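What follows is a single structure, written as structure tokens, with notes after it.
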Amino acid sequence: MRASFRLGRIAGVPVGVNWSVLVIFALIAWGLAANQFPRSYPDHSPVAYTLAGLAAAVVFFVGLLAHEVSHAVVAKRNGLVVDGITLWLFGGVAELRGEPRDPGAELRIAGVGPLVSLLLGAFFGAIAALLALAGQGGLLFGAVAWLAGINVLLAIFNVLPAAPLDGGRLLRAAVWKATGDRTRASVAAARAGWVLGVLLIGLGLWQFLSGVGFGGLWLALIGWFLIGAAGQEERQARTGTALRGVRVGDVMTPQPQTASAEMTVADFVDHYLFAYRHSALPLTEDGRPTGLVTVDRVRGVPAERRTSTTLAEVACRADQLVLAQPGEQLNDLLPRLSECADGRALVVTDGQLVGIVSPSDISRAVQRGTLAAPAGQRGK
């Protein structure tokens with residue numbers, strides 16, 4: 001999930017927000033200000049309800065950010081690289097590079113997030129109790145009590161034993177510890193996520209058709225997301241197993257054909273596009289990669305502008321390139337490769353281009369890894 005804009009760094013980790021957060025933020029603030037607060041605490045002004053709804057929504061997202069930051073901090077302490085934290089429509093995600101080294105690390109990284117949410121729920125619950133004892137049972141009490149309940153609910157939902165929820169990670173840690181097989185554990189957690197997704201879709205549709213309200217559709221949407229994410233996790237687990245021990249240098253296309261950034265798109269189409277079988281061409285200067293041009297990028301240039309447009313104008317810029325070393329594990333490259341719109345990585349040694357890795361290279365490596373696996377491991 002890409003961030004639309006950055007908020008800065010917390011604990012050394014870049015924090016960003018995707019535009020979709022605005023949707024859920026608006027829904028929460030509107031639901032509290034226009035429905036829940038006026039119904040439970042009447043006789044306040046519209047301005048008071050609006051301010052209370054906005055404040056509660058902001059504090060909720062601060063708590064959600066604390067949940068993800070806790071994952072990131074514990075992951076860093078357990079030797080993982082954290083590329084960033086992004087808040088989006090369905091909550092937040094800490095982007096971790098690599099895998100925990102053992103079930104214990106998995107347990108610590110996954111468990112700390114729900115624990116933080118539970119502690120926040122207890123904190124707001126204590127404040128709400130103090131307000132009630134002081135006779136302050138009005139709008140402020142309502143906002144604090146809602147924050148207590150929503151954080152406890154968030155903790156409970158996240159520990160459901162289904163990937164990609166934190167509970168799915170806890171389930172994976174348990175199965176991994178019991179069987180010693182990380183792939184088997186990942187598949188079990190992913191399939192549990194698929195089952196939970198189906199149940200949420202069924203429950204949501206039943207609620208909607210029963211006239212409970214549009215909250216049922218939200219449940220169904222969450223279920224649909226879980227099914228998609230769980231399926232992706234299972235595929236990643238099987239891919240990771242097939243590529244275990246494979247280095248970037250083992251799969252790259254060595255010494256790829258290159259071009260100058262000053263070449264026109266017309267020259268590229270006339271002399272390179274049909275002369276070479278690859279659909280991507282690195283741009284270099286003195287052997288160092290400066291960009292990457294693909295057929296898809298060239299296709300977007302109108303025919304009448306191709307003679308006056310250089311490859312540098314349409315190529316992926318140098319600061320957007322995904323670079324790798326020949327000795328790097330291919331599994332470590334995959335997360336970065338998926339973040340690149342062009343889906344390719346350039347392989348360098350001492351800054352000099354020595355190869356390129358494309359989706360077809362990855363696919364062939366997965367096929368070879370699957371065929372080379374012992375028969376007893378293929379169905380796991």
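By convention in this document, the chains of the structure tokens carry letters A, B, ... by their order, each chain's residues are numbered from 1, and ligands are numbered from 1 in the order they are shown.
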
Can you pull out the residues contacting stretch 311-327 of chain A? Cut-off 8 Å, using only C-alpha atoms, and skip same-chain residues under 6 positions away; I want them as a list in words.
Arg247, Val248, Gly249, Asp250, Ser260, Ala261, Glu262, Met263, Thr264, Val265, Pro289, Thr290, Gly291, Leu292, Val293, Thr294, Arg297, Val298, Leu333, Arg336, Leu337, Cys340, Asp342, Arg344, Ala345, Leu346, Val347, Val348 and Thr349 of chain A

Using only C-alpha atoms, what table do you get, as CSV, when you list each residue of stretch 58-79 of chain A with an atom no more than 9 Å from stretch 132-155 of chain A, its nearest pair of atoms, and their distance in Å rounded to one decimal, rows by chain then rising number?
```
residue,atom,partner,partner_atom,distance
A:Val59,CA,A:Leu147,CA,7.9
A:Phe60,CA,A:Leu147,CA,6.6
A:Gly63,CA,A:Asn151,CA,7.8
A:Leu64,CA,A:Asn151,CA,8.5
```

Take the residues from that selection and put them in a file with N, CA, C and O atoms, as a CSV table (one decimal), in the first residue's frame.
```csv
chain,number,residue,atom,x,y,z
A,59,VAL,N,-7.8,11.0,17.6
A,59,VAL,CA,-7.2,10.2,18.6
A,59,VAL,C,-7.2,8.7,18.2
A,59,VAL,O,-6.2,8.0,18.5
A,60,PHE,N,-8.3,8.3,17.6
A,60,PHE,CA,-8.3,6.9,17.2
A,60,PHE,C,-7.2,6.6,16.2
A,60,PHE,O,-6.5,5.5,16.4
A,63,GLY,N,-3.9,6.3,17.9
A,63,GLY,CA,-3.8,5.0,18.6
A,63,GLY,C,-3.4,3.9,17.5
A,63,GLY,O,-2.7,3.0,17.8
A,64,LEU,N,-4.1,4.0,16.4
A,64,LEU,CA,-3.8,3.0,15.3
A,64,LEU,C,-2.3,3.2,14.9
A,64,LEU,O,-1.6,2.2,14.6
```

List every residue of stretch 98-313 of chain A that DSSP, applied to the backbone of this structure, assigns to alpha helix (DSSP H), and report them as a VMD selection string.
chain A and resid 103 to 133 139 to 158 166 to 179 182 to 209 215 to 242 248 to 251 265 to 267 295 to 299 311 to 313

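Within 6 Å of stretch 160-166 of chain A there are A:Ala110, A:Leu171, A:Ala189, A:Ala190, A:Ala192, A:Gly193, A:Ala230, counting only C-alpha atoms and ignoring same-chain residues fewer than 5 positions away.
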
What does the file look like for those residues with N, CA, C and O atoms, as a PDB file, in the first residue's frame?
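Output saved as result-v3.pdb:
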```pdb
ATOM      1  N   ALA A 110       4.249  -9.856  16.268  1.00  0.00           N
ATOM      2  CA  ALA A 110       2.803  -9.866  16.029  1.00  0.00           C
ATOM      3  C   ALA A 110       2.018  -9.508  17.276  1.00  0.00           C
ATOM      4  O   ALA A 110       0.987  -8.828  17.206  1.00  0.00           O
ATOM      5  N   LEU A 171      -0.840 -17.359  14.992  1.00  0.00           N
ATOM      6  CA  LEU A 171      -1.123 -18.738  14.589  1.00  0.00           C
ATOM      7  C   LEU A 171       0.060 -19.320  13.826  1.00  0.00           C
ATOM      8  O   LEU A 171       0.450 -20.476  14.044  1.00  0.00           O
ATOM      9  N   ALA A 189      -2.063 -20.297   8.262  1.00  0.00           N
ATOM     10  CA  ALA A 189      -2.574 -18.985   8.660  1.00  0.00           C
ATOM     11  C   ALA A 189      -3.336 -18.327   7.521  1.00  0.00           C
ATOM     12  O   ALA A 189      -4.368 -17.676   7.737  1.00  0.00           O
ATOM     13  N   ALA A 190      -2.837 -18.479   6.289  1.00  0.00           N
ATOM     14  CA  ALA A 190      -3.507 -17.882   5.134  1.00  0.00           C
ATOM     15  C   ALA A 190      -4.868 -18.522   4.894  1.00  0.00           C
ATOM     16  O   ALA A 190      -5.851 -17.823   4.596  1.00  0.00           O
ATOM     17  N   ALA A 192      -6.734 -19.933   7.123  1.00  0.00           N
ATOM     18  CA  ALA A 192      -7.614 -19.464   8.195  1.00  0.00           C
ATOM     19  C   ALA A 192      -8.138 -18.065   7.868  1.00  0.00           C
ATOM     20  O   ALA A 192      -9.298 -17.748   8.158  1.00  0.00           O
ATOM     21  N   GLY A 193      -7.290 -17.236   7.248  1.00  0.00           N
ATOM     22  CA  GLY A 193      -7.734 -15.911   6.823  1.00  0.00           C
ATOM     23  C   GLY A 193      -8.809 -15.990   5.761  1.00  0.00           C
ATOM     24  O   GLY A 193      -9.763 -15.196   5.755  1.00  0.00           O
ATOM     25  N   ALA A 230      -5.216 -12.960   2.169  1.00  0.00           N
ATOM     26  CA  ALA A 230      -4.825 -14.314   2.575  1.00  0.00           C
ATOM     27  C   ALA A 230      -4.321 -15.118   1.379  1.00  0.00           C
ATOM     28  O   ALA A 230      -3.331 -15.856   1.475  1.00  0.00           O
TER      29      ALA A 230
END
```

Please report the interatomic distance between atom CA of A:Ala57 and atom CA of A:Gly91 in Å with one decimal.
12.6 Å

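Of the listed residues A:Gly167, A:Gly245, A:Pro42, A:Gly104, the one whose atoms come nearest to A:Ala365 is A:Gly245, with distances taken using only C-alpha atoms.
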
Which residue is closest to A:Ala237? Choose from A:Val116, A:Val195, A:Val366, A:Val251 and count only C-alpha atoms.
A:Val366

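Interatomic distance, atom CA of A:Leu219 against atom CA of A:Gly204: 4.9 Å.
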
Mind checking which residues fall within 9 Å of A:Gly53, counting only C-alpha atoms, ignoring those fewer than 5 positions away in the same chain, and posting them as a ChimeraX atom specification?
/A:28-34,37,48,58,143

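Nearest-residue note for A:Gly355: choosing from A:Leu87, A:Ala129, A:Met252, A:Ala259, the minimum distance belongs to A:Met252, counting only C-alpha atoms.
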
Give the strand (DSSP E or B) residues of stretch 93-248 of chain A, as DSSP finds them on the backbone, and put them as a count of residues only.
6
